[in-house]
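Pasted below: entry.cif, mmCIF, C-alpha atoms.
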```cif
data_structure
#
loop_
_atom_site.label_atom_id
_atom_site.label_comp_id
_atom_site.auth_asym_id
_atom_site.auth_seq_id
_atom_site.Cartn_x
_atom_site.Cartn_y
_atom_site.Cartn_z
CA MET A 23 0.00 0.00 0.00
CA ARG A 24 2.82 2.34 0.88
CA LYS A 25 4.58 1.49 -2.41
CA LEU A 26 1.49 2.31 -4.38
CA SER A 27 1.07 5.62 -2.62
CA PHE A 28 4.74 6.48 -3.16
CA SER A 29 4.45 5.66 -6.87
CA LEU A 30 1.41 7.83 -7.29
CA LEU A 31 3.16 10.72 -5.52
CA LEU A 32 6.20 10.38 -7.74
CA LEU A 33 4.07 10.33 -10.85
CA ALA A 34 2.19 13.44 -9.74
CA SER A 35 5.48 15.21 -9.06
CA LEU A 36 6.77 14.39 -12.47
CA LEU A 37 3.59 15.57 -14.08
CA PHE A 38 3.77 18.83 -12.12
CA ILE A 39 7.48 19.51 -12.70
CA ALA A 40 7.49 18.70 -16.44
CA PRO A 41 5.20 21.60 -17.52
CA ILE A 42 7.21 23.99 -15.39
CA SER A 43 10.45 22.87 -17.00
CA TYR A 44 8.90 23.03 -20.40
CA ALA A 45 7.58 26.51 -19.67
CA GLN A 46 10.99 27.60 -18.45
CA ASP A 47 12.65 26.08 -21.51
CA GLY A 48 10.14 27.79 -23.78
CA THR A 49 10.68 31.07 -22.04
CA ALA A 50 14.45 30.72 -22.41
CA GLU A 51 14.11 29.73 -25.99
CA SER A 52 11.74 32.66 -26.54
CA ASP A 53 14.16 35.03 -24.86
CA THR A 54 17.03 33.64 -26.93
CA THR A 55 15.00 33.94 -30.12
CA GLU A 56 14.05 37.49 -29.29
CA MET A 57 17.68 38.35 -28.57
CA VAL A 58 18.77 36.83 -31.88
CA GLU A 59 16.00 38.63 -33.70
CA ASP A 60 16.93 41.89 -31.98
CA ALA A 61 20.57 41.35 -32.94
CA ASP A 62 19.61 40.58 -36.54
CA THR A 63 17.34 43.61 -36.67
CA ALA A 64 20.14 45.80 -35.34
CA THR A 65 22.52 44.31 -37.88
CA VAL A 66 20.04 44.90 -40.68
CA GLU A 67 19.46 48.42 -39.48
CA GLU A 68 23.18 49.00 -39.33
CA VAL A 69 23.56 47.59 -42.84
CA ALA A 70 20.57 49.48 -44.19
CA GLU A 71 21.73 52.73 -42.67
CA PRO A 72 23.16 54.75 -45.57
CA GLU A 73 26.80 55.47 -45.42
CA PRO A 74 27.65 59.13 -44.93
CA GLU A 75 28.42 60.80 -48.21
CA PRO A 76 32.01 61.83 -48.59
CA PRO A 77 32.60 65.55 -48.42
CA ALA A 78 32.16 67.22 -51.74
CA ALA A 79 35.39 67.73 -53.53
CA LEU A 80 36.60 71.28 -53.69
CA GLU A 81 35.65 72.83 -56.93
CA VAL A 82 38.73 73.71 -58.92
CA ASP A 83 38.53 76.78 -61.04
CA GLU A 84 38.75 75.79 -64.63
CA VAL A 85 41.76 77.36 -66.24
CA GLU A 86 40.81 78.63 -69.61
CA GLU A 87 43.19 77.54 -72.23
CA VAL A 88 44.95 80.49 -73.73
CA VAL A 89 44.55 80.10 -77.44
CA GLU A 90 47.35 81.82 -79.24
CA GLN A 91 45.85 84.38 -81.56
CA PRO A 92 47.56 84.95 -84.90
CA SER A 93 49.44 88.20 -85.18
CA PHE A 94 48.45 91.04 -87.47
CA HIS A 95 51.26 90.14 -89.87
CA GLN A 96 50.06 86.53 -90.07
CA ARG A 97 46.47 87.61 -90.70
CA VAL A 98 47.52 89.94 -93.49
CA LYS A 99 49.63 87.18 -95.02
CA GLU A 100 46.74 84.72 -94.90
CA LYS A 101 44.32 87.18 -96.49
CA PHE A 102 46.89 88.03 -99.15
CA ILE A 103 47.25 84.37 -100.09
CA GLU A 104 43.49 83.80 -100.03
CA GLY A 105 42.94 86.78 -102.32
CA GLY A 106 45.06 85.22 -105.05
CA TRP A 107 48.62 86.16 -105.91
CA GLU A 108 47.78 87.22 -109.47
CA PHE A 109 46.07 90.49 -108.53
CA MET A 110 47.17 90.88 -104.93
CA GLY A 111 50.80 90.76 -106.06
CA ILE A 112 50.23 93.61 -108.53
CA VAL A 113 48.38 95.61 -105.90
CA LEU A 114 51.27 95.07 -103.48
CA LEU A 115 53.75 96.18 -106.15
CA CYS A 116 51.78 99.42 -106.59
CA LEU A 117 52.01 100.03 -102.85
CA ILE A 118 55.76 99.39 -102.72
CA LEU A 119 56.57 101.61 -105.68
CA GLY A 120 54.23 104.36 -104.50
CA LEU A 121 55.72 104.37 -101.01
CA ALA A 122 59.27 104.40 -102.40
CA ILE A 123 58.54 107.49 -104.51
CA ALA A 124 56.66 109.17 -101.66
CA ILE A 125 59.53 108.65 -99.20
CA GLU A 126 62.07 109.94 -101.71
CA ARG A 127 59.93 113.04 -102.31
CA ILE A 128 59.52 113.67 -98.59
CA ILE A 129 63.30 113.58 -98.05
CA THR A 130 63.90 115.84 -101.06
CA LEU A 131 61.30 118.38 -100.00
CA ASN A 132 62.63 118.52 -96.45
CA ILE A 133 66.08 119.22 -97.83
CA ALA A 134 64.61 121.88 -100.15
CA SER A 135 63.11 123.78 -97.25
CA THR A 136 65.23 126.86 -96.56
CA ASN A 137 65.15 129.66 -94.05
CA SER A 138 64.48 132.41 -96.61
CA LYS A 139 64.84 135.27 -94.13
CA LYS A 140 68.31 134.14 -93.07
CA LEU A 141 69.32 133.64 -96.70
CA LEU A 142 68.17 137.15 -97.64
CA SER A 143 70.10 138.57 -94.72
CA ASP A 144 73.27 136.70 -95.73
CA VAL A 145 72.92 137.80 -99.36
CA GLU A 146 72.45 141.43 -98.34
CA ASN A 147 75.53 141.31 -96.11
CA ALA A 148 77.53 139.69 -98.92
CA LEU A 149 76.41 142.40 -101.41
CA ASN A 150 77.42 145.13 -99.00
CA ASN A 151 80.78 143.57 -98.15
CA GLY A 152 81.95 141.74 -101.27
CA GLY A 153 79.55 142.57 -104.07
CA VAL A 154 77.75 140.27 -106.45
CA ASP A 155 80.47 137.64 -106.52
CA GLU A 156 80.38 137.23 -102.76
CA ALA A 157 76.56 136.95 -102.89
CA LYS A 158 76.87 134.21 -105.52
CA LYS A 159 79.17 132.25 -103.19
CA VAL A 160 76.60 132.52 -100.41
CA CYS A 161 73.86 131.22 -102.72
CA ALA A 162 76.07 128.42 -104.05
CA GLY A 163 76.77 127.24 -100.49
CA THR A 164 73.07 127.04 -99.57
CA ARG A 165 70.83 124.14 -100.49
CA GLY A 166 67.31 124.46 -101.83
CA PRO A 167 65.41 125.99 -104.76
CA ILE A 168 65.34 129.50 -103.25
CA ALA A 169 69.13 129.72 -103.22
CA SER A 170 69.21 128.40 -106.81
CA ILE A 171 66.74 131.11 -107.91
CA PHE A 172 68.82 133.82 -106.21
CA SER A 173 71.96 132.50 -107.86
CA GLN A 174 70.25 132.53 -111.27
CA GLY A 175 69.07 136.11 -110.72
CA LEU A 176 72.54 137.30 -109.70
CA THR A 177 74.02 135.96 -112.95
CA ARG A 178 71.71 138.34 -114.88
CA VAL A 179 72.29 141.39 -112.71
CA SER A 180 74.42 143.05 -115.36
CA GLU A 181 71.46 142.98 -117.77
CA GLY A 182 69.17 144.99 -115.51
CA ILE A 183 66.44 144.37 -112.96
CA GLU A 184 63.87 143.43 -115.61
CA MET A 185 66.04 140.57 -116.85
CA VAL A 186 66.62 139.52 -113.26
CA GLU A 187 62.84 139.33 -112.72
CA LYS A 188 62.28 137.36 -115.91
CA SER A 189 65.12 135.01 -115.03
CA ILE A 190 63.68 134.44 -111.55
CA ILE A 191 60.20 133.71 -112.93
CA ALA A 192 61.50 131.29 -115.57
CA TYR A 193 63.83 129.47 -113.23
CA GLY A 194 61.13 129.37 -110.56
CA SER A 195 58.97 127.32 -112.93
CA VAL A 196 61.87 124.93 -113.46
CA GLU A 197 62.32 124.49 -109.72
CA MET A 198 58.60 123.94 -109.26
CA GLY A 199 58.68 121.15 -111.83
CA ARG A 200 61.55 119.52 -109.95
CA LEU A 201 59.60 119.67 -106.72
CA GLU A 202 56.59 117.98 -108.33
CA ARG A 203 58.67 115.27 -109.97
CA GLY A 204 57.36 111.78 -109.22
CA LEU A 205 53.92 112.87 -108.07
CA VAL A 206 52.37 111.74 -111.33
CA TRP A 207 53.47 108.16 -110.58
CA ILE A 208 51.94 108.26 -107.12
CA SER A 209 48.72 109.53 -108.68
CA LEU A 210 48.87 106.65 -111.17
CA PHE A 211 49.22 104.05 -108.44
CA ILE A 212 46.36 105.62 -106.50
CA SER A 213 44.10 105.13 -109.51
CA LEU A 214 45.53 101.78 -110.58
CA ALA A 215 45.30 99.92 -107.25
CA PRO A 216 41.49 100.07 -106.81
CA MET A 217 41.00 99.36 -110.52
CA LEU A 218 43.01 96.17 -110.15
CA GLY A 219 40.97 95.33 -107.06
CA PHE A 220 37.71 95.77 -108.94
CA MET A 221 39.07 93.65 -111.78
CA GLY A 222 39.83 90.90 -109.28
CA THR A 223 36.29 91.26 -107.98
CA VAL A 224 34.81 90.71 -111.42
CA ILE A 225 37.03 87.73 -112.08
CA GLY A 226 36.14 86.23 -108.69
CA MET A 227 32.44 86.57 -109.43
CA ILE A 228 32.92 84.94 -112.80
CA ALA A 229 34.72 82.04 -111.10
CA ALA A 230 31.84 81.71 -108.63
CA PHE A 231 29.25 81.49 -111.39
CA ASP A 232 31.41 79.01 -113.29
CA ALA A 233 31.51 76.81 -110.18
CA ILE A 234 27.71 77.04 -109.86
CA GLN A 235 27.28 76.07 -113.48
CA ALA A 236 29.65 73.11 -113.15
CA ALA A 237 27.95 71.84 -109.97
CA GLY A 238 24.44 72.46 -111.24
CA ASP A 239 23.39 73.67 -107.81
CA ILE A 240 23.64 76.88 -105.81
CA SER A 241 25.53 76.00 -102.66
CA PRO A 242 27.04 78.49 -100.21
CA GLN A 243 30.28 76.55 -100.17
CA ILE A 244 30.58 76.78 -103.93
CA VAL A 245 29.85 80.50 -104.13
CA ALA A 246 31.83 81.51 -101.04
CA GLY A 247 35.25 80.88 -102.58
CA GLY A 248 34.82 83.15 -105.58
CA ILE A 249 33.09 85.90 -103.60
CA LYS A 250 35.81 85.82 -100.94
CA VAL A 251 38.54 86.30 -103.54
CA ALA A 252 36.53 89.13 -105.09
CA LEU A 253 36.12 90.98 -101.82
CA LEU A 254 39.75 90.53 -100.73
CA THR A 255 41.13 91.98 -103.96
CA THR A 256 38.77 94.95 -103.68
CA VAL A 257 39.77 95.62 -100.08
CA GLY A 258 43.46 95.32 -100.97
CA GLY A 259 43.18 97.85 -103.78
CA LEU A 260 41.24 100.31 -101.65
CA ILE A 261 43.74 100.07 -98.77
CA VAL A 262 46.65 100.79 -101.11
CA ALA A 263 44.81 103.74 -102.63
CA VAL A 264 44.01 105.22 -99.20
CA ILE A 265 47.62 104.93 -97.98
CA LEU A 266 49.09 106.49 -101.11
CA GLN A 267 46.44 109.21 -101.14
CA LEU A 268 47.54 110.33 -97.68
CA PHE A 269 51.15 110.61 -98.79
CA TYR A 270 50.13 112.37 -101.99
CA ASN A 271 48.13 115.03 -100.18
CA TYR A 272 50.99 115.62 -97.73
CA LEU A 273 53.44 116.08 -100.60
CA ILE A 274 51.11 118.49 -102.38
CA SER A 275 50.74 120.61 -99.27
CA LYS A 276 54.50 120.56 -98.73
CA ILE A 277 55.17 121.66 -102.31
CA ASP A 278 52.60 124.44 -102.07
CA GLY A 279 54.31 125.75 -98.97
CA ILE A 280 57.74 125.74 -100.64
CA VAL A 281 56.35 127.44 -103.77
CA ASN A 282 54.75 130.20 -101.70
CA GLN A 283 58.02 130.65 -99.87
CA MET A 284 59.87 130.87 -103.21
CA GLU A 285 57.53 133.59 -104.49
CA ASP A 286 57.83 135.67 -101.33
CA ALA A 287 61.60 135.29 -101.28
CA SER A 288 61.89 136.24 -104.98
CA ILE A 289 59.94 139.46 -104.43
CA SER A 290 62.10 140.30 -101.42
CA PHE A 291 65.24 139.50 -103.43
CA VAL A 292 64.32 141.91 -106.21
CA ASP A 293 63.55 144.59 -103.64
CA LEU A 294 66.94 143.90 -102.07
CA LEU A 295 68.74 144.42 -105.38
CA VAL A 296 66.88 147.66 -106.00
CA ARG A 297 67.58 148.89 -102.49
CA ASN A 298 71.33 148.22 -102.89
CA ASN A 299 71.45 149.76 -106.40
CA VAL A 300 72.44 146.50 -108.04
CA GLY A 301 71.59 145.90 -111.67
CA LYS A 302 71.07 149.46 -112.77
#
```
Once you've parsed the file, please lay out its structure as structure tokens.
Amino acid sequence: MRKLSFSLLLLASLLFIAPISYAQDGTAESDTTEMVEDADTATVEEVAEPEPEPPAALEVDEVEEVVEQPSFHQRVKEKFIEGGWEFMGIVLLCLILGLAIAIERIITLNIASTNSKKLLSDVENALNNGGVDEAKKVCAGTRGPIASIFSQGLTRVSEGIEMVEKSIIAYGSVEMGRLERGLVWISLFISLAPMLGFMGTVIGMIAAFDAIQAAGDISPQIVAGGIKVALLTTVGGLIVAVILQLFYNYLISKIDGIVNQMEDASISFVDLLVRNNVGK
């Protein structure tokens, strides 16, 4: 009887303890699972968290590339070649020859300029001190057309004042012609250069229309070549004409000034001879 009671008590204890152990094991397993899940969630959150963007790189100022521009001489050379050497070469020759003559005339006219008042004073002193021969030496030692006119007048002193005046007028015309020497060529180049440019223009237009006819179509690329040549030759001729025209006008004004000075000096020279009783 005691054995049966003890067996029943043991069985009841086992039945009572087993659920508690199972509950405790379940709770532990649940706690472990929750801890694992929490750890996984944290890991996922850490992985999912976006990485901080790296600091933006400092913007570097872009250095503009310095493109070497062609010089003025190179541009002129290119345009000269594009305009065609046939007409541009002739236009350039007109410029060179015109400038050569203009520079020579400028040097000559500057040398021809004379201080007429000083020359008249020297001639008067020479007439008073040494006579006509001494005055001739003064004129021979002075450069310029005014001194040449005085020298020519002194050679005719013995024939009277009227012959001196006629000699001065005639020789003054000769000196004026010498001063204007070469200007006709500059004038020719001034007229010739734009005419050559216009001729190049016409020829360029003809070439453009020939290209259109050969292609059978009006294309800007076909027409541009001939028109470009035409315009460049025209511009070249006009530039040459403008440059030479400036030199020409300067030379004309310089010659006019020297001629006026010659006329005033000649009148004063005749008055000087009359005042000193020379040529009577």
Would you mind listing what lies within 9 Å of A:Ile249 as a PyMOL selection string, with all atoms listed in the file counted and same-chain residues fewer than 3 positions away left out? chain A and resi 223+226-227+229-230+245-246+252-254
Between A:Ile171, A:Val145, A:Ile225, A:Leu201, which residue has the minimum interatomic distance to A:Asn298, considering only C-alpha atoms?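 So, comparing all the options, the nearest one is A:Val145.
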Can you tell me how far atom CA of A:Gly182 sits from atom CA of A:Arg200, in Å to one decimal? 27.2 Å
Please determine, counting only C-alpha atoms, which residue among A:Leu210, A:Leu142, A:Ala215, A:Leu268 has the shortest atom-to-atom distance to A:Leu294.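 Among A:Leu210, A:Leu142, A:Ala215, A:Leu268, it is A:Leu142 that comes nearest to A:Leu294.
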Between atom CA of A:Gly120 and atom CA of A:Gly199, what is the distance, to one decimal in Å? 18.9 Å
When you draw a straight line from atom CA of A:Leu205 to atom CA of A:Tyr270, how long is it in Å?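 Separation of atom CA of A:Leu205 and atom CA of A:Tyr270: 7.2 Å.
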Can you list what the PyMOL selection byres ((chain A and resi 174) around 9) grabs from this structure, as a list in words?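 When the PyMOL selection byres ((chain A and resi 174) around 9) is applied, the selected residues are Lys158, Ala169, Ser170, Ile171, Phe172, Ser173, Gly175, Leu176, Thr177, Arg178, Val186, Ser189, Ile190 and Tyr193 of chain A.
For the choices A:Val281, A:Ile261, A:Arg203, A:Ala233, the atom-to-atom distance to A:Ile128 is smallest for A:Arg203 when using only C-alpha atoms.
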Compare A:Ile234, A:Ala287, A:Leu214, A:Ile280 by their minimum atom-to-atom distance to A:Cys116, counting all atoms listed in the file, and give me the closest one.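 Closest candidate: A:Leu214.
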Neighbour list for A:Thr256 as a list in words, cut-off 12 Å, all atoms listed in the file, skip fewer than 5 positions in-chain: Lys101, Phe102, Gly105, Gly106, Phe109, Met110, Val113, Leu214, Ala215, Pro216, Met217, Leu218, Gly219, Phe220, Met221, Gly222, Thr223, Val224, Ile225, Gly226, Met227, Ile249, Lys250, Val251, Ile261, Val262 and Ala263 of chain A
If we count all atoms listed in the file, what is near A:Leu141 at a cut-off of 12 Å, once residues fewer than 4 positions away on the same chain are taken out, given as a PyMOL selection string? chain A and resi 135-137+145-148+157-173+284+287-288+290-291+294
